[in-house]
Every structure is written in structure tokens, then in C-alpha cells.
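Undergrad: Structure provided below as C-alpha cells; questions to follow.
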Amino acid sequence: MKTIILEKEVCLQQAADRITALLAKKPDAVLAFSTGRTMGDLFAVLAARCAEGALSLKDARIFAVTEFENVEEEQSARGQLLRELAGRTDLREENCHFLSVETAEDYDAQIARCGGLDMAVLGLGVNAHVGYNEPAVPFDSLTHRQKLTDKTRAQLASSFSSAEAAPAYAWTMGIKTLVAARQILVLAFGEEKAWAVFQMLYARDDSVIPAAFLQLPPEVMVFVDPAAAAKL
């Protein structure tokens, strides 16, 4: 695991460099993307590069890492990926795969049929969840329905008017699904992520901290700003 500590905008550009390099080498690469505010900032960088002709997602295949249960399209992972990535780049909607009650059971098989994940691009929850794998989810978990903790729902409050209005459940790729990716990028910014960043890097990799399992794969790059690195 390599940790890069730079200002947020520089981190976003360097993460985009890694994605750009992968797609230049393998235009039909299979990528998993988390969603949320941090990923929205990254999607804006990728969209700018596509507009400049420096990046193409035309042949890429995209898998959403998570999806909320029982939310409107506007608030869903599907909605964000289609709106902020496919809608602003040459990514084709037919190459995008989304989680739902209908697709979850076959999701890992879909990934396998595409040749496995070349890269997973992840955010980090304040309680050190990745995807929506909450604390104490086992290492061997595959794609599954996950009950969200009160802490996670509080983190989502700004997107859903209150913690009580935030979804109680989500679909998520499991830990085993994510760590099988050939490359993993993790982005975490802001003081609220400092505890989670510390736990991701230094908790036991067999612990109840989901992000600590990211210590195990060989190709993991973590991008954090100074505020998120404050406890290191």
C-alpha cells in the first residue's frame, strides 16, 4: 500500500493519471467506481480530460461498487454515474453495470465474465467502511445487501435531509470482490476522514475495520490530503 499526501486537487489529478494510463494501455479495462461527493470531484476531472481528448472511456466497462435500496434515481449510484460520468464523457451506458435486487446475485459472475476488475476506485467512510462494507463484515464477503450503521446514515444526512431519511440498507460489492481488483485507488479528503485513514493503514488486517483489508492486495494507492492524514 502506497500513501500519497498532497492537496486534494493534486490528488484528484494523480488518481486520474492512473486511470488514464490504464485506459491508454487497455481501452476496454474493467473499472469499479464508488460514488458520492469525493467521486463526483474525480468524475469532473475525468470529464475534463475526455473533453480535451486526453482520455477515452468509450470501450471501458464500469461496475458500480454500491447502490442504495429504495431511493429515487437522482440520489442513486446509478443516477450519479450516468449523470456525472456517462453524461459528460464518451462512456457508453450499455457498458455500465449497476447493483439492484435483480442483479446482485449475479454481480460477481458478471465481473468474472468481463475478466475481473482491472481497477477499483474507492472512497472511505468515516467509520472506515469501503463500498458499504460496514465494520465486522467478513473478508470473504461477496456482493451482498448491507444494513447501514447509524454512523454511516449520519454521514449521508446531507444528501437525504436527515439521518433518519437516509437509506437503511444498500447493496455493495464485498471485501473479497474489491481486494481481487488488480489495482485499487482510495481517495479520502478532509479532517472527518482522519481516523478512518489511520485505521485503514494501521489496524490489523484481520480486524473488524473493513478498510484494513486493503493492506493485503499488492497494488493499492491511497490519496489523502493533509487534513485526512492528520493522525498519521
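To be explicit about the labels: the chains of the C-alpha cells are called A, B, and onward in the order shown, and within each one the residues are counted from 1, while ligands get numbers from 1 in the order they are shown.
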Excluding Ile184 in chain A and its own-chain neighbours fewer than 3 positions away, which residues fall within 9 Å of it when counting only C-alpha atoms? Please give them as a list in words.

TA: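 Neighbouring residues, sequence-local ones excluded: Asp118, Met119, Ala120, Val121, Leu122, Leu178, Val179, Ala181, Leu214, Pro217, Glu219, Val220, Met221 and Val222 of chain A.
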
Undergrad: When DSSP works through the backbone of this structure, what residues of range 60-134 of chain A end up as alpha helix (DSSP H), shown as a list in words?

TA: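 Output for range 60-134 of chain A, alpha helix (DSSP H) only: Ala77, Arg78, Gly79, Gln80, Tyr107, Asp108, Ala109, Gln110, Ile111, Ala112 and Arg113 of chain A.
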
Undergrad: Just N, CA, C and O atoms for this one: save the residues we selected as a short mmCIF file (atom, residue, chain, number, x, y, z; two decimals), in the first residue's frame.

TA:
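result.cif, freshly written:
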data_model
loop_
_atom_site.label_atom_id
_atom_site.label_comp_id
_atom_site.auth_asym_id
_atom_site.auth_seq_id
_atom_site.Cartn_x
_atom_site.Cartn_y
_atom_site.Cartn_z
N ALA A 77 -26.64 5.60 -6.88
CA ALA A 77 -25.33 5.46 -7.53
C ALA A 77 -25.49 5.42 -9.04
O ALA A 77 -24.71 6.04 -9.78
N ARG A 78 -26.49 4.71 -9.50
CA ARG A 78 -26.77 4.67 -10.94
C ARG A 78 -26.97 6.07 -11.49
O ARG A 78 -26.38 6.45 -12.51
N GLY A 79 -27.78 6.86 -10.79
CA GLY A 79 -28.05 8.21 -11.26
C GLY A 79 -26.79 9.05 -11.33
O GLY A 79 -26.56 9.78 -12.32
N GLN A 80 -25.94 8.97 -10.30
CA GLN A 80 -24.72 9.78 -10.31
C GLN A 80 -23.77 9.34 -11.41
O GLN A 80 -23.20 10.18 -12.12
N TYR A 107 -23.85 -10.52 -9.68
CA TYR A 107 -22.92 -9.41 -9.93
C TYR A 107 -21.48 -9.89 -10.00
O TYR A 107 -20.72 -9.50 -10.90
N ASP A 108 -21.07 -10.74 -9.07
CA ASP A 108 -19.69 -11.24 -9.10
C ASP A 108 -19.44 -12.09 -10.34
O ASP A 108 -18.35 -12.05 -10.91
N ALA A 109 -20.45 -12.82 -10.78
CA ALA A 109 -20.32 -13.60 -12.01
C ALA A 109 -20.19 -12.68 -13.22
O ALA A 109 -19.43 -12.97 -14.15
N GLN A 110 -20.93 -11.56 -13.21
CA GLN A 110 -20.81 -10.59 -14.30
C GLN A 110 -19.37 -10.05 -14.38
O GLN A 110 -18.80 -9.93 -15.46
N ILE A 111 -18.82 -9.72 -13.23
CA ILE A 111 -17.45 -9.21 -13.18
C ILE A 111 -16.49 -10.27 -13.73
O ILE A 111 -15.59 -9.97 -14.53
N ALA A 112 -16.67 -11.51 -13.31
CA ALA A 112 -15.80 -12.60 -13.78
C ALA A 112 -15.90 -12.77 -15.29
O ALA A 112 -14.88 -13.00 -15.96
N ARG A 113 -17.12 -12.67 -15.83
CA ARG A 113 -17.30 -12.83 -17.28
C ARG A 113 -16.59 -11.73 -18.06
O ARG A 113 -16.21 -11.91 -19.22
#

Undergrad: Would you list the contacts of range 16-28 of chain A as a ChimeraX atom specification, taking every protein, DNA or RNA residue within 12 Å and counting only C-alpha atoms, but skipping same-chain residues closer than 4 positions in sequence?

TA: /A:9-12,32-33,39,41-50,53-62,91-92,95,114-121,182-187,219-223

Undergrad: Which is closer to Ala229 in chain A than all the others in A:Gly40, A:Gly125, A:Gly190, A:Pro210, using only C-alpha atoms?

TA: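 Among the listed residues, the smallest separation from Ala229 in chain A belongs to A:Gly190.
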
Undergrad: Could you tell me which of A:Phe189, A:Cys96, A:Phe213, A:Gln75 comes closest to Ser141 in chain A if we count only C-alpha atoms?

TA: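 For Ser141 in chain A, the nearest of the given residues is A:Phe213.
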
Undergrad: Would you return as a PyMOL selection string the members of range 118-205 of chain A that DSSP assigns to strand (DSSP E or B) on this structure's backbone?

TA: chain A and resi 119-122+130+133+144-147+169-172+183-188

Undergrad: Work out how far CA of Lys193 in chain A is from CA of Lys8 in chain A, in Å to one decimal.

TA: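 Straight-line distance from CA of Lys8 in chain A to CA of Lys193 in chain A works out to 12.9 Å.
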
Undergrad: Counting only C-alpha atoms, figure out which residue out of A:Met200, A:Ile5, A:Val71, A:Ala64 gets nearest to Pro167 in chain A.

TA: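 Among A:Met200, A:Ile5, A:Val71, A:Ala64, it is A:Val71 that comes nearest to Pro167 in chain A.
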
Undergrad: Report, in Å to a single decimal, how far apart CA of Thr103 in chain A and CA of Lys176 in chain A are.

TA: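 Between these atoms lies a distance of 17.9 Å.
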
Undergrad: Would you mind telling me which residue in A:Met173, A:Phe68, A:Ala86, A:Met1 lies nearest to Asn133 in chain A when using only C-alpha atoms?

TA: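 For Asn133 in chain A, the nearest of the candidates is A:Met173.
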
Undergrad: Near Thr152 in chain A, within 8 Å and counting only C-alpha atoms, which residues show up once chain neighbours fewer than 4 positions away are dropped, as a compact mmCIF listing (two decimals) with N, CA, C and O atoms, in the first residue's frame?

TA:
# COMPACT_ATOMS: atom_id res chain seq x y z
N GLY A 125 -15.39 5.56 4.17
CA GLY A 125 -16.37 6.07 5.11
C GLY A 125 -15.73 6.55 6.40
O GLY A 125 -14.60 6.17 6.73
N VAL A 126 -16.45 7.38 7.15
CA VAL A 126 -15.89 7.91 8.40
C VAL A 126 -15.65 6.80 9.42
O VAL A 126 -14.82 6.96 10.33
N ASN A 127 -16.35 5.68 9.28
CA ASN A 127 -16.12 4.53 10.17
C ASN A 127 -15.23 3.48 9.50
O ASN A 127 -15.21 2.33 9.90
N LEU A 148 -26.97 -0.49 6.96
CA LEU A 148 -26.07 0.63 7.21
C LEU A 148 -26.10 1.03 8.67
O LEU A 148 -27.16 1.05 9.32
N LEU A 156 -24.56 10.38 5.64
CA LEU A 156 -25.38 10.57 4.45
C LEU A 156 -26.45 11.64 4.63
O LEU A 156 -27.16 11.99 3.68

Undergrad: In terms of the shortest atom-to-atom distance over only C-alpha atoms, which of A:Thr149, A:Ser162, A:Gln14, A:Thr66 is closest to Ala136 in chain A?

TA: A:Thr149

Undergrad: Rank nothing, just name the residue among A:Ala163, A:Leu216, A:Leu82, A:Ala230 nearest to Phe198 in chain A, using only C-alpha atoms.

TA: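 Nearest to Phe198 in chain A: A:Ala230.
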
Undergrad: So the first atom is CA of Ser34 in chain A and the second is CA of Glu52 in chain A; what is the distance between them in Å, to one decimal place?

TA: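 Between CA of Ser34 in chain A and CA of Glu52 in chain A the gap works out to 24.1 Å.
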